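Participant: What follows is the file my_file-v8.txt, containing compact mmCIF, C-alpha atoms:
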```
# COMPACT_ATOMS: atom_id res chain seq x y z
CA MET A 187 12.57 60.63 -51.82
CA THR A 188 10.27 59.74 -48.93
CA THR A 189 9.13 56.12 -48.62
CA HIS A 190 5.89 55.21 -46.92
CA PRO A 191 5.47 51.85 -45.20
CA HIS A 192 3.09 49.46 -46.83
CA PRO A 193 -0.31 49.52 -45.06
CA THR A 194 -0.22 45.76 -44.41
CA THR A 195 3.32 45.90 -43.05
CA ALA A 196 2.49 48.79 -40.73
CA ALA A 197 -0.67 47.14 -39.42
CA ALA A 198 0.98 43.76 -38.70
CA PRO A 199 2.81 44.84 -35.51
CA LYS A 200 -0.40 46.36 -34.19
CA GLN A 201 -2.47 43.26 -34.99
CA ALA A 202 -0.06 40.81 -33.33
CA PRO A 203 -0.75 41.98 -29.73
CA ALA A 204 -4.47 41.94 -30.47
CA ARG A 205 -4.36 38.35 -31.69
CA ALA A 206 -2.28 37.33 -28.68
CA ALA A 207 -4.80 39.01 -26.38
CA ARG A 208 -7.71 37.20 -28.06
CA ARG A 209 -5.92 33.87 -27.70
CA ALA A 210 -5.26 34.60 -24.04
CA VAL A 211 -8.96 35.38 -23.52
CA ARG A 212 -9.96 32.12 -25.20
CA ARG A 213 -7.52 30.15 -23.06
CA ASP A 214 -8.84 31.86 -19.95
CA LYS A 215 -12.41 30.96 -20.91
CA GLN A 216 -11.38 27.35 -21.48
CA ARG A 217 -9.71 27.23 -18.09
CA ARG A 218 -12.85 28.61 -16.46
CA SER A 219 -15.31 26.40 -18.33
CA PRO A 220 -18.28 25.77 -16.02
CA LEU A 221 -19.01 22.43 -17.67
CA LEU A 222 -15.44 21.22 -17.18
CA THR A 223 -15.49 22.40 -13.56
CA ALA A 224 -18.80 20.58 -12.93
CA LEU A 225 -17.52 17.36 -14.48
CA THR A 226 -14.34 17.55 -12.42
CA ALA A 227 -16.38 18.11 -9.25
CA LEU A 228 -18.57 15.09 -10.06
CA MET A 229 -15.53 12.89 -10.61
CA LEU A 230 -14.03 14.14 -7.33
CA ILE A 231 -17.23 13.31 -5.44
CA TYR A 232 -17.47 9.93 -7.16
CA SER A 233 -13.92 9.13 -6.07
CA LEU A 234 -14.05 10.46 -2.52
CA VAL A 235 -17.48 9.35 -1.29
CA PRO A 236 -16.55 5.63 -1.07
CA LEU A 237 -13.38 6.53 0.84
CA VAL A 238 -15.31 8.78 3.22
CA TRP A 239 -17.93 6.05 3.73
CA LEU A 240 -15.19 3.51 4.45
CA LEU A 241 -13.43 5.76 6.96
CA ILE A 242 -16.66 6.66 8.77
CA ASN A 243 -17.98 3.11 9.02
CA ALA A 244 -14.63 1.71 10.10
CA SER A 245 -15.14 3.71 13.30
CA LYS A 246 -18.41 1.94 14.18
CA THR A 247 -19.16 -1.19 16.11
CA GLN A 248 -21.06 -4.12 14.60
CA GLU A 249 -24.31 -2.78 16.07
CA GLY A 250 -23.52 0.79 15.10
CA LEU A 251 -23.29 -0.15 11.42
CA PHE A 252 -27.03 -0.88 11.34
CA SER A 253 -28.27 1.71 13.81
CA SER A 254 -26.66 4.88 12.39
CA PHE A 255 -26.57 6.83 9.14
CA GLY A 256 -23.98 5.47 6.72
CA LEU A 257 -22.30 8.81 6.03
CA TRP A 258 -22.00 10.01 9.62
CA PHE A 259 -20.28 8.81 12.77
CA ASP A 260 -21.92 6.80 15.51
CA ASP A 261 -21.88 7.88 19.14
CA ASP A 262 -19.52 5.02 19.96
CA PHE A 263 -16.20 5.77 18.20
CA ALA A 264 -14.48 2.40 17.86
CA LEU A 265 -11.89 2.88 15.10
CA PHE A 266 -8.84 1.95 17.16
CA THR A 267 -10.68 -0.96 18.78
CA ASN A 268 -11.68 -2.22 15.35
CA ILE A 269 -8.09 -1.97 14.10
CA ARG A 270 -6.84 -3.95 17.08
CA ASP A 271 -9.56 -6.60 16.65
CA THR A 272 -8.89 -6.85 12.92
CA LEU A 273 -5.18 -7.48 13.47
CA THR A 274 -5.76 -10.04 16.24
CA TYR A 275 -8.92 -11.83 15.06
CA ASP A 276 -8.50 -15.58 14.43
CA ASP A 277 -4.91 -15.61 15.70
CA GLY A 278 -3.91 -12.65 13.54
CA VAL A 279 -4.76 -14.22 10.18
CA PHE A 280 -5.21 -10.71 8.68
CA VAL A 281 -1.50 -10.05 9.22
CA ARG A 282 -0.72 -13.32 7.43
CA TRP A 283 -2.90 -12.27 4.48
CA LEU A 284 -1.17 -8.89 4.43
CA LEU A 285 2.27 -10.52 4.30
CA ASN A 286 1.06 -12.84 1.52
CA THR A 287 -0.13 -9.83 -0.47
CA LEU A 288 3.20 -8.08 0.03
CA LEU A 289 4.97 -11.22 -1.16
CA TYR A 290 2.87 -11.36 -4.33
CA VAL A 291 3.40 -7.65 -4.96
CA VAL A 292 7.16 -7.64 -4.39
CA LEU A 293 7.87 -10.73 -6.48
CA GLY A 294 5.02 -10.50 -8.99
CA ALA A 295 4.66 -6.76 -9.59
CA GLY A 296 8.37 -6.12 -9.03
CA GLY A 297 9.31 -8.84 -11.50
CA ALA A 298 6.73 -7.61 -14.01
CA THR A 299 8.18 -4.09 -13.81
CA ALA A 300 11.72 -5.35 -14.31
CA LEU A 301 10.74 -7.51 -17.29
CA ALA A 302 8.67 -4.70 -18.84
CA THR A 303 11.59 -2.28 -18.44
CA LEU A 304 14.11 -4.61 -20.05
CA GLY A 305 11.75 -5.69 -22.82
CA GLY A 306 10.50 -2.18 -23.56
CA TYR A 307 14.02 -0.80 -23.77
CA ALA A 308 15.17 -3.59 -26.08
CA LEU A 309 12.17 -3.25 -28.36
CA ALA A 310 12.56 0.52 -28.55
CA LYS A 311 16.31 0.75 -29.14
CA PHE A 312 17.33 -2.45 -30.96
CA ASP A 313 16.36 -3.75 -34.38
CA PHE A 314 15.94 -7.47 -34.96
CA PRO A 315 13.99 -9.78 -37.27
CA GLY A 316 10.35 -10.22 -36.26
CA LYS A 317 10.04 -6.92 -34.41
CA ARG A 318 6.75 -6.12 -36.14
CA GLY A 319 5.42 -9.51 -35.13
CA VAL A 320 6.36 -8.89 -31.51
CA PHE A 321 4.56 -5.54 -31.65
CA ALA A 322 1.41 -7.24 -32.96
CA VAL A 323 1.58 -9.88 -30.22
CA VAL A 324 1.99 -7.24 -27.50
CA ILE A 325 -0.94 -5.18 -28.78
CA GLY A 326 -3.08 -8.30 -29.01
CA ALA A 327 -2.13 -9.33 -25.47
CA VAL A 328 -3.14 -5.91 -24.15
CA ALA A 329 -6.60 -6.39 -25.66
CA VAL A 330 -7.14 -9.81 -24.01
CA PRO A 331 -8.69 -9.57 -20.52
CA GLY A 332 -6.95 -11.47 -17.76
CA THR A 333 -10.10 -13.38 -16.82
CA ALA A 334 -10.15 -14.99 -20.27
CA LEU A 335 -6.76 -16.57 -19.54
CA ALA A 336 -7.53 -17.63 -15.97
CA VAL A 337 -8.96 -21.07 -16.78
CA PRO A 338 -6.21 -22.06 -19.27
CA THR A 339 -3.63 -20.83 -16.77
CA PHE A 340 -5.22 -22.95 -14.04
CA LEU A 341 -5.19 -26.08 -16.23
CA MET A 342 -1.54 -25.53 -17.12
CA PHE A 343 -0.47 -24.95 -13.51
CA SER A 344 -2.54 -27.94 -12.40
CA LYS A 345 -0.57 -30.16 -14.79
CA LEU A 346 2.65 -28.73 -13.35
CA GLY A 347 1.48 -29.31 -9.77
CA LEU A 348 1.81 -25.63 -8.83
CA THR A 349 -1.78 -24.90 -7.83
CA ASN A 350 -2.41 -24.00 -4.19
CA THR A 351 1.12 -22.57 -3.98
CA PRO A 352 2.31 -18.94 -4.05
CA TRP A 353 3.91 -19.55 -7.45
CA ALA A 354 0.48 -19.97 -9.00
CA VAL A 355 -0.14 -16.27 -8.25
CA ILE A 356 3.39 -14.92 -8.67
CA ILE A 357 4.31 -16.39 -12.06
CA PRO A 358 1.23 -15.15 -13.98
CA SER A 359 1.72 -11.73 -12.38
CA LEU A 360 5.15 -11.45 -14.00
CA ILE A 361 3.57 -10.87 -17.40
CA SER A 362 2.26 -7.35 -18.01
CA PRO A 363 1.57 -6.63 -21.71
CA PHE A 364 0.37 -3.12 -20.93
CA GLY A 365 3.50 -2.42 -18.87
CA LEU A 366 5.68 -3.69 -21.71
CA TYR A 367 3.88 -1.50 -24.24
CA LEU A 368 4.10 1.53 -21.96
CA MET A 369 7.83 1.09 -21.41
CA TRP A 370 8.32 0.51 -25.13
CA THR A 371 6.73 3.83 -26.06
CA PHE A 372 8.35 5.65 -23.14
CA ALA A 373 11.86 4.42 -23.91
CA ALA A 374 11.45 5.33 -27.58
CA SER A 375 10.80 8.98 -26.67
CA ALA A 376 12.85 9.38 -23.48
CA ILE A 377 16.21 8.03 -24.67
CA PRO A 378 17.79 9.81 -27.65
CA GLY A 379 19.59 7.53 -30.08
CA GLU A 380 22.50 9.98 -30.19
CA LEU A 381 23.07 9.46 -26.47
CA LEU A 382 23.44 5.71 -26.92
CA GLU A 383 25.78 6.18 -29.86
CA ALA A 384 27.96 8.54 -27.82
CA ALA A 385 28.15 6.04 -24.97
CA ARG A 386 29.14 3.24 -27.35
CA VAL A 387 31.79 5.41 -28.99
CA ASP A 388 33.24 6.10 -25.53
CA GLY A 389 33.57 2.35 -25.00
CA ALA A 390 30.67 1.76 -22.60
CA GLY A 391 29.13 -1.71 -22.80
CA GLU A 392 25.41 -2.25 -23.32
CA LEU A 393 24.78 -3.25 -19.70
CA ARG A 394 26.67 -0.25 -18.32
CA THR A 395 24.93 2.07 -20.76
CA PHE A 396 21.55 0.76 -19.65
CA LEU A 397 22.26 0.93 -15.93
CA ARG A 398 24.19 4.22 -15.77
CA ILE A 399 22.59 6.27 -18.55
CA CYS A 400 19.19 4.85 -19.50
CA MET A 401 17.81 3.87 -16.10
CA PRO A 402 17.70 7.46 -14.74
CA LEU A 403 15.92 8.60 -17.91
CA LEU A 404 13.43 5.73 -17.63
CA ALA A 405 12.63 6.38 -13.95
CA PRO A 406 9.22 8.06 -14.51
CA GLY A 407 8.09 5.25 -16.80
CA ILE A 408 9.38 2.59 -14.42
CA VAL A 409 7.49 4.11 -11.51
CA THR A 410 4.32 4.35 -13.59
CA VAL A 411 4.52 0.70 -14.63
CA ALA A 412 5.35 -0.32 -11.05
CA LEU A 413 2.25 1.44 -9.76
CA PHE A 414 0.00 -0.15 -12.38
CA THR A 415 1.34 -3.64 -11.75
CA MET A 416 1.30 -3.16 -7.99
CA VAL A 417 -2.37 -2.11 -8.00
CA ALA A 418 -3.28 -4.98 -10.33
CA THR A 419 -1.51 -7.53 -8.12
CA TRP A 420 -2.71 -6.01 -4.85
CA ASN A 421 -6.36 -6.06 -5.98
CA ASN A 422 -6.11 -9.39 -7.83
CA TYR A 423 -9.06 -11.55 -6.84
CA PHE A 424 -10.06 -13.98 -9.57
CA LEU A 425 -6.65 -15.59 -10.14
CA PRO A 426 -6.01 -16.39 -6.44
CA LEU A 427 -9.63 -17.54 -6.16
CA ILE A 428 -9.16 -20.36 -8.67
CA MET A 429 -5.54 -21.12 -7.78
CA LEU A 430 -5.56 -21.20 -3.96
CA LYS A 431 -7.46 -23.41 -1.54
CA ASP A 432 -5.35 -23.03 1.58
CA PRO A 433 -6.43 -19.92 3.55
CA ASP A 434 -2.86 -19.54 4.79
CA TRP A 435 -1.86 -18.43 1.27
CA TYR A 436 -4.83 -16.10 0.71
CA PRO A 437 -4.16 -12.49 -0.25
CA LEU A 438 -6.17 -9.76 1.41
CA THR A 439 -8.85 -9.78 -1.29
CA LEU A 440 -9.74 -13.43 -0.72
CA GLY A 441 -9.34 -13.19 3.04
CA LEU A 442 -11.73 -10.26 3.43
CA ASN A 443 -14.23 -11.98 1.16
CA ALA A 444 -14.03 -15.08 3.36
CA TRP A 445 -14.74 -12.92 6.40
CA ASN A 446 -17.66 -11.32 4.61
CA ASP A 447 -19.15 -14.73 3.69
CA GLN A 448 -18.68 -15.99 7.22
CA ALA A 449 -22.06 -14.60 8.30
CA ALA A 450 -23.84 -16.76 5.71
CA THR A 451 -22.34 -20.04 6.97
CA ALA A 452 -24.01 -22.23 9.57
CA GLY A 453 -22.98 -20.97 12.98
CA GLY A 454 -20.80 -18.28 11.43
CA GLN A 455 -20.23 -14.98 13.22
CA ALA A 456 -21.02 -11.72 11.44
CA ILE A 457 -17.96 -9.47 11.57
CA PHE A 458 -18.87 -6.79 9.06
CA HIS A 459 -17.16 -4.12 11.15
CA LEU A 460 -13.87 -6.03 10.83
CA VAL A 461 -14.39 -6.47 7.09
CA ILE A 462 -14.83 -2.70 6.67
CA THR A 463 -11.85 -1.91 8.90
CA GLY A 464 -9.75 -4.47 7.06
CA SER A 465 -10.75 -2.88 3.75
CA LEU A 466 -9.62 0.50 5.04
CA LEU A 467 -6.27 -0.94 6.13
CA THR A 468 -5.95 -2.63 2.74
CA ILE A 469 -6.17 0.55 0.68
CA LEU A 470 -3.85 2.65 2.87
CA PRO A 471 -0.62 1.27 1.35
CA LEU A 472 -1.91 1.99 -2.16
CA LEU A 473 -2.85 5.55 -1.24
CA ALA A 474 0.55 6.09 0.36
CA ALA A 475 2.34 4.74 -2.71
CA PHE A 476 0.42 6.99 -5.10
CA LEU A 477 0.94 10.08 -2.97
CA PHE A 478 4.64 9.38 -2.39
CA LEU A 479 5.37 8.65 -6.07
CA GLN A 480 2.96 11.23 -7.49
CA ARG A 481 5.49 13.40 -9.27
CA TYR A 482 7.05 10.38 -10.97
CA TRP A 483 3.97 8.63 -12.32
CA GLN A 484 2.34 11.86 -13.48
CA SER A 485 5.35 12.67 -15.66
CA GLY A 486 5.40 9.09 -16.86
CA LEU A 487 1.78 9.22 -17.98
CA ALA A 488 2.39 12.53 -19.74
CA ALA A 489 5.35 11.17 -21.70
CA GLY A 490 4.76 11.59 -25.39
CA GLY A 491 1.90 14.02 -24.86
CA VAL A 492 4.03 16.97 -25.98
CA LYS A 493 6.01 16.70 -29.18
CA ASP A 494 9.09 18.82 -29.66
```
Please express the file's structure as structure tokens.

Facilitator:
Amino acid sequence: MTTHPHPTTAAAPKQAPARAARRAVRRDKQRRSPLLTALTALMLIYSLVPLVWLLINASKTQEGLFSSFGLWFDDDFALFTNIRDTLTYDDGVFVRWLLNTLLYVVLGAGGATALATLGGYALAKFDFPGKRGVFAVVIGAVAVPGTALAVPTFLMFSKLGLTNTPWAVIIPSLISPFGLYLMWTFAASAIPGELLEAARVDGAGELRTFLRICMPLLAPGIVTVALFTMVATWNNYFLPLIMLKDPDWYPLTLGLNAWNDQAATAGGQAIFHLVITGSLLTILPLLAAFLFLQRYWQSGLAAGGVKD
């Protein structure tokens, strides 16, 4: 007796390659979307034009800033002279502001990253009473802008006698609700519960388990939080503005603004070329950090985007 394959069963193997080919064509069209390419190009231009303008104008003298086109070089190339003058102007106060900024970043952003890592890991892997309440507080804190807390923070630090000191900038920088939330969600997906149970069965303590097993798994998230907190602290302007009066404790943001306002004061000297050069020198460490840690923070941002 001869059996004939069912028409639907026989056609299925032939239809599968066709469907796969159609899906591949659709994916190829999505990858080559002209609208997406145009939007990406616009975002690239939007991001690069200010940097190009800054680099070009940092190579001009004070007179050349007003006598040449903003997006092209002047005949007198003075970049290295401007860098030297920026670093030595007013007894090298720019270097002092740079060291102050590094101090605020190392202690403030570094401490915020450490606290966010510890808190996020604990919230993700331990159960305790009030955990839902903590989650609500963290989400609410993320939604509150930092400027809304600046005045209450100033009044509190004024009562404690900490205004006009580095601690008035460092201590508020230690709190990063967004960093805590990011590490919470990252630790929940990056560290399997079975791995922790196996370590505990083998006799490893909680501290050793965290340092030897969890920290390597949390590295992308830690780097991502560190970059966010570092940028926030490095570019912080409003908090130091209300907390600091002594120029010796200014970060770069306040110092460059003081140089920029110098032309408007009675008898003040306009040094816009030094302000622009100082701004260029200010963003170079951030660019270097993002480029050097690129592979870490990209994977950290993508955590949780793909579900197994």

Participant: Between A:Arg481, A:Leu257, A:Leu427, A:Phe314, single out the one closest to Val337 of chain A, counting only C-alpha atoms.

Facilitator: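 Using only C-alpha atoms, the shortest distance to Val337 of chain A belongs to A:Leu427.
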
Participant: Counting all atoms listed in the file, which residues sit no farther than 8 Å from the position (-4.6, -4.2, -4.5) in the file's frame? I'd like them as a PyMOL selection string.

Facilitator: chain A and resi 416-422+439+468-469+472

Participant: Would you compute the distance between atom CA of Pro363 of chain A and atom CA of Phe414 of chain A? Give it in Å to one decimal.

Facilitator: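 Interatomic distance here is 11.5 Å.
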
Participant: So the first atom is atom CA of Leu473 of chain A and the second is atom CA of Ala244 of chain A; what is the distance between them in Å, to one decimal place?

Facilitator: 16.8 Å

Participant: Taking into account all atoms listed in the file, which residue in the set A:Asp434, A:Ala390, A:Thr351, A:Thr463 is nearest to Asp277 of chain A?

Facilitator: A:Asp434

Participant: Could you pull out every residue with an atom within 8 Å of (8.4, -5.6, -24.0), file coordinates, counting all atoms listed in the file, and send them as a list in words?

Facilitator: Leu301, Ala302, Thr303, Leu304, Gly305, Gly306, Tyr307, Ala308, Leu309, Val324, Pro363, Gly365, Leu366, Tyr367, Met369 and Trp370 of chain A

Participant: For Phe312 of chain A, which residue out of A:Ala444, A:Leu382, A:Val292, A:Val461 is the nearest one, using all atoms listed in the file?

Facilitator: A:Leu382

Participant: As a PyMOL selection string, please: the residues near Tyr423 of chain A (cut-off 12 Å, only C-alpha atoms, same-chain neighbours under 5 positions excluded).

Facilitator: chain A and resi 287+332-333+336+355+417-418+428-430+436-444

Participant: So which one's closest to Leu335 of chain A, A:Val235, A:Ile361, A:Leu225, A:Leu404? Using only C-alpha atoms, please.

Facilitator: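 With only C-alpha atoms as the atom set, the closest residue is A:Ile361.
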
Participant: Would you compute the distance between atom CA of Arg282 of chain A and atom CA of Leu470 of chain A? Give it in Å to one decimal.

Facilitator: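 Computing it gives 16.9 Å between the two atoms.
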
Participant: Please determine, counting only C-alpha atoms, which residue among A:Gly454, A:Gly256, A:Gly326, A:Gly296 has the shortest atom-to-atom distance to Val238 of chain A.

Facilitator: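 Using only C-alpha atoms, the shortest distance to Val238 of chain A belongs to A:Gly256.
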
Participant: If I only have part of segment 341-372 of chain A, can you fill in N, CA and C atoms and write it as an mmCIF file, in the coordinates of the input?

Facilitator:
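The result, written out as selection_35.cif:
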```cif
data_model
loop_
_atom_site.group_PDB
_atom_site.id
_atom_site.type_symbol
_atom_site.label_atom_id
_atom_site.label_comp_id
_atom_site.auth_asym_id
_atom_site.auth_seq_id
_atom_site.Cartn_x
_atom_site.Cartn_y
_atom_site.Cartn_z
ATOM 1 N N LEU A 341 -5.419 -24.733 -15.712
ATOM 2 C CA LEU A 341 -5.190 -26.080 -16.230
ATOM 3 C C LEU A 341 -3.704 -26.351 -16.421
ATOM 4 N N MET A 342 -2.977 -25.358 -16.908
ATOM 5 C CA MET A 342 -1.540 -25.530 -17.120
ATOM 6 C C MET A 342 -0.814 -25.696 -15.791
ATOM 7 N N PHE A 343 -1.143 -24.867 -14.807
ATOM 8 C CA PHE A 343 -0.470 -24.950 -13.510
ATOM 9 C C PHE A 343 -0.890 -26.216 -12.761
ATOM 10 N N SER A 344 -2.105 -26.688 -13.017
ATOM 11 C CA SER A 344 -2.540 -27.940 -12.400
ATOM 12 C C SER A 344 -1.715 -29.108 -12.915
ATOM 13 N N LYS A 345 -1.413 -29.105 -14.231
ATOM 14 C CA LYS A 345 -0.570 -30.160 -14.790
ATOM 15 C C LYS A 345 0.837 -30.106 -14.212
ATOM 16 N N LEU A 346 1.309 -28.900 -13.899
ATOM 17 C CA LEU A 346 2.650 -28.730 -13.350
ATOM 18 C C LEU A 346 2.697 -28.951 -11.840
ATOM 19 N N GLY A 347 1.537 -29.097 -11.216
ATOM 20 C CA GLY A 347 1.480 -29.310 -9.770
ATOM 21 C C GLY A 347 1.771 -28.063 -8.955
ATOM 22 N N LEU A 348 1.495 -26.891 -9.510
ATOM 23 C CA LEU A 348 1.810 -25.630 -8.830
ATOM 24 C C LEU A 348 0.581 -24.951 -8.239
ATOM 25 N N THR A 349 -0.598 -25.522 -8.421
ATOM 26 C CA THR A 349 -1.780 -24.900 -7.830
ATOM 27 C C THR A 349 -1.717 -25.016 -6.304
ATOM 28 N N ASN A 350 -2.401 -24.089 -5.655
ATOM 29 C CA ASN A 350 -2.410 -24.000 -4.190
ATOM 30 C C ASN A 350 -1.009 -23.721 -3.637
ATOM 31 N N THR A 351 -0.202 -23.031 -4.431
ATOM 32 C CA THR A 351 1.120 -22.570 -3.980
ATOM 33 C C THR A 351 1.243 -21.093 -4.347
ATOM 34 N N PRO A 352 2.133 -20.362 -3.696
ATOM 35 C CA PRO A 352 2.310 -18.940 -4.050
ATOM 36 C C PRO A 352 2.743 -18.727 -5.491
ATOM 37 N N TRP A 353 3.434 -19.711 -6.082
ATOM 38 C CA TRP A 353 3.910 -19.550 -7.450
ATOM 39 C C TRP A 353 2.768 -19.472 -8.453
ATOM 40 N N ALA A 354 1.628 -20.028 -8.107
ATOM 41 C CA ALA A 354 0.480 -19.970 -9.000
ATOM 42 C C ALA A 354 -0.059 -18.547 -9.134
ATOM 43 N N VAL A 355 0.260 -17.671 -8.184
ATOM 44 C CA VAL A 355 -0.140 -16.270 -8.250
ATOM 45 C C VAL A 355 1.014 -15.402 -8.741
ATOM 46 N N ILE A 356 2.233 -15.754 -8.343
ATOM 47 C CA ILE A 356 3.390 -14.920 -8.670
ATOM 48 C C ILE A 356 3.748 -15.011 -10.148
ATOM 49 N N ILE A 357 3.839 -16.222 -10.682
ATOM 50 C CA ILE A 357 4.310 -16.390 -12.060
ATOM 51 C C ILE A 357 3.396 -15.709 -13.073
ATOM 52 N N PRO A 358 2.065 -15.887 -13.021
ATOM 53 C CA PRO A 358 1.230 -15.150 -13.980
ATOM 54 C C PRO A 358 1.310 -13.629 -13.816
ATOM 55 N N SER A 359 1.619 -13.169 -12.607
ATOM 56 C CA SER A 359 1.720 -11.730 -12.380
ATOM 57 C C SER A 359 2.964 -11.120 -13.004
ATOM 58 N N LEU A 360 3.918 -11.964 -13.405
ATOM 59 C CA LEU A 360 5.150 -11.450 -14.000
ATOM 60 C C LEU A 360 4.939 -10.917 -15.406
ATOM 61 N N ILE A 361 3.828 -11.279 -16.030
ATOM 62 C CA ILE A 361 3.570 -10.870 -17.400
ATOM 63 C C ILE A 361 2.615 -9.689 -17.391
ATOM 64 N N SER A 362 3.069 -8.557 -17.930
ATOM 65 C CA SER A 362 2.260 -7.350 -18.010
ATOM 66 C C SER A 362 2.373 -6.762 -19.417
ATOM 67 N N PRO A 363 1.495 -7.176 -20.337
ATOM 68 C CA PRO A 363 1.570 -6.630 -21.710
ATOM 69 C C PRO A 363 1.434 -5.116 -21.757
ATOM 70 N N PHE A 364 0.529 -4.570 -20.932
ATOM 71 C CA PHE A 364 0.370 -3.120 -20.930
ATOM 72 C C PHE A 364 1.633 -2.434 -20.420
ATOM 73 N N GLY A 365 2.259 -2.991 -19.377
ATOM 74 C CA GLY A 365 3.500 -2.420 -18.870
ATOM 75 C C GLY A 365 4.610 -2.483 -19.901
ATOM 76 N N LEU A 366 4.680 -3.580 -20.661
ATOM 77 C CA LEU A 366 5.680 -3.690 -21.710
ATOM 78 C C LEU A 366 5.440 -2.655 -22.801
ATOM 79 N N TYR A 367 4.192 -2.490 -23.204
ATOM 80 C CA TYR A 367 3.880 -1.500 -24.240
ATOM 81 C C TYR A 367 4.172 -0.087 -23.760
ATOM 82 N N LEU A 368 3.849 0.203 -22.499
ATOM 83 C CA LEU A 368 4.100 1.530 -21.960
ATOM 84 C C LEU A 368 5.587 1.836 -21.905
ATOM 85 N N MET A 369 6.397 0.867 -21.461
ATOM 86 C CA MET A 369 7.830 1.090 -21.410
ATOM 87 C C MET A 369 8.426 1.167 -22.810
ATOM 88 N N TRP A 370 7.869 0.448 -23.741
ATOM 89 C CA TRP A 370 8.320 0.510 -25.130
ATOM 90 C C TRP A 370 8.170 1.937 -25.675
ATOM 91 N N THR A 371 6.978 2.475 -25.547
ATOM 92 C CA THR A 371 6.730 3.830 -26.060
ATOM 93 C C THR A 371 7.490 4.872 -25.261
ATOM 94 N N PHE A 372 7.638 4.675 -23.962
ATOM 95 C CA PHE A 372 8.350 5.650 -23.140
ATOM 96 C C PHE A 372 9.835 5.669 -23.469
#
```
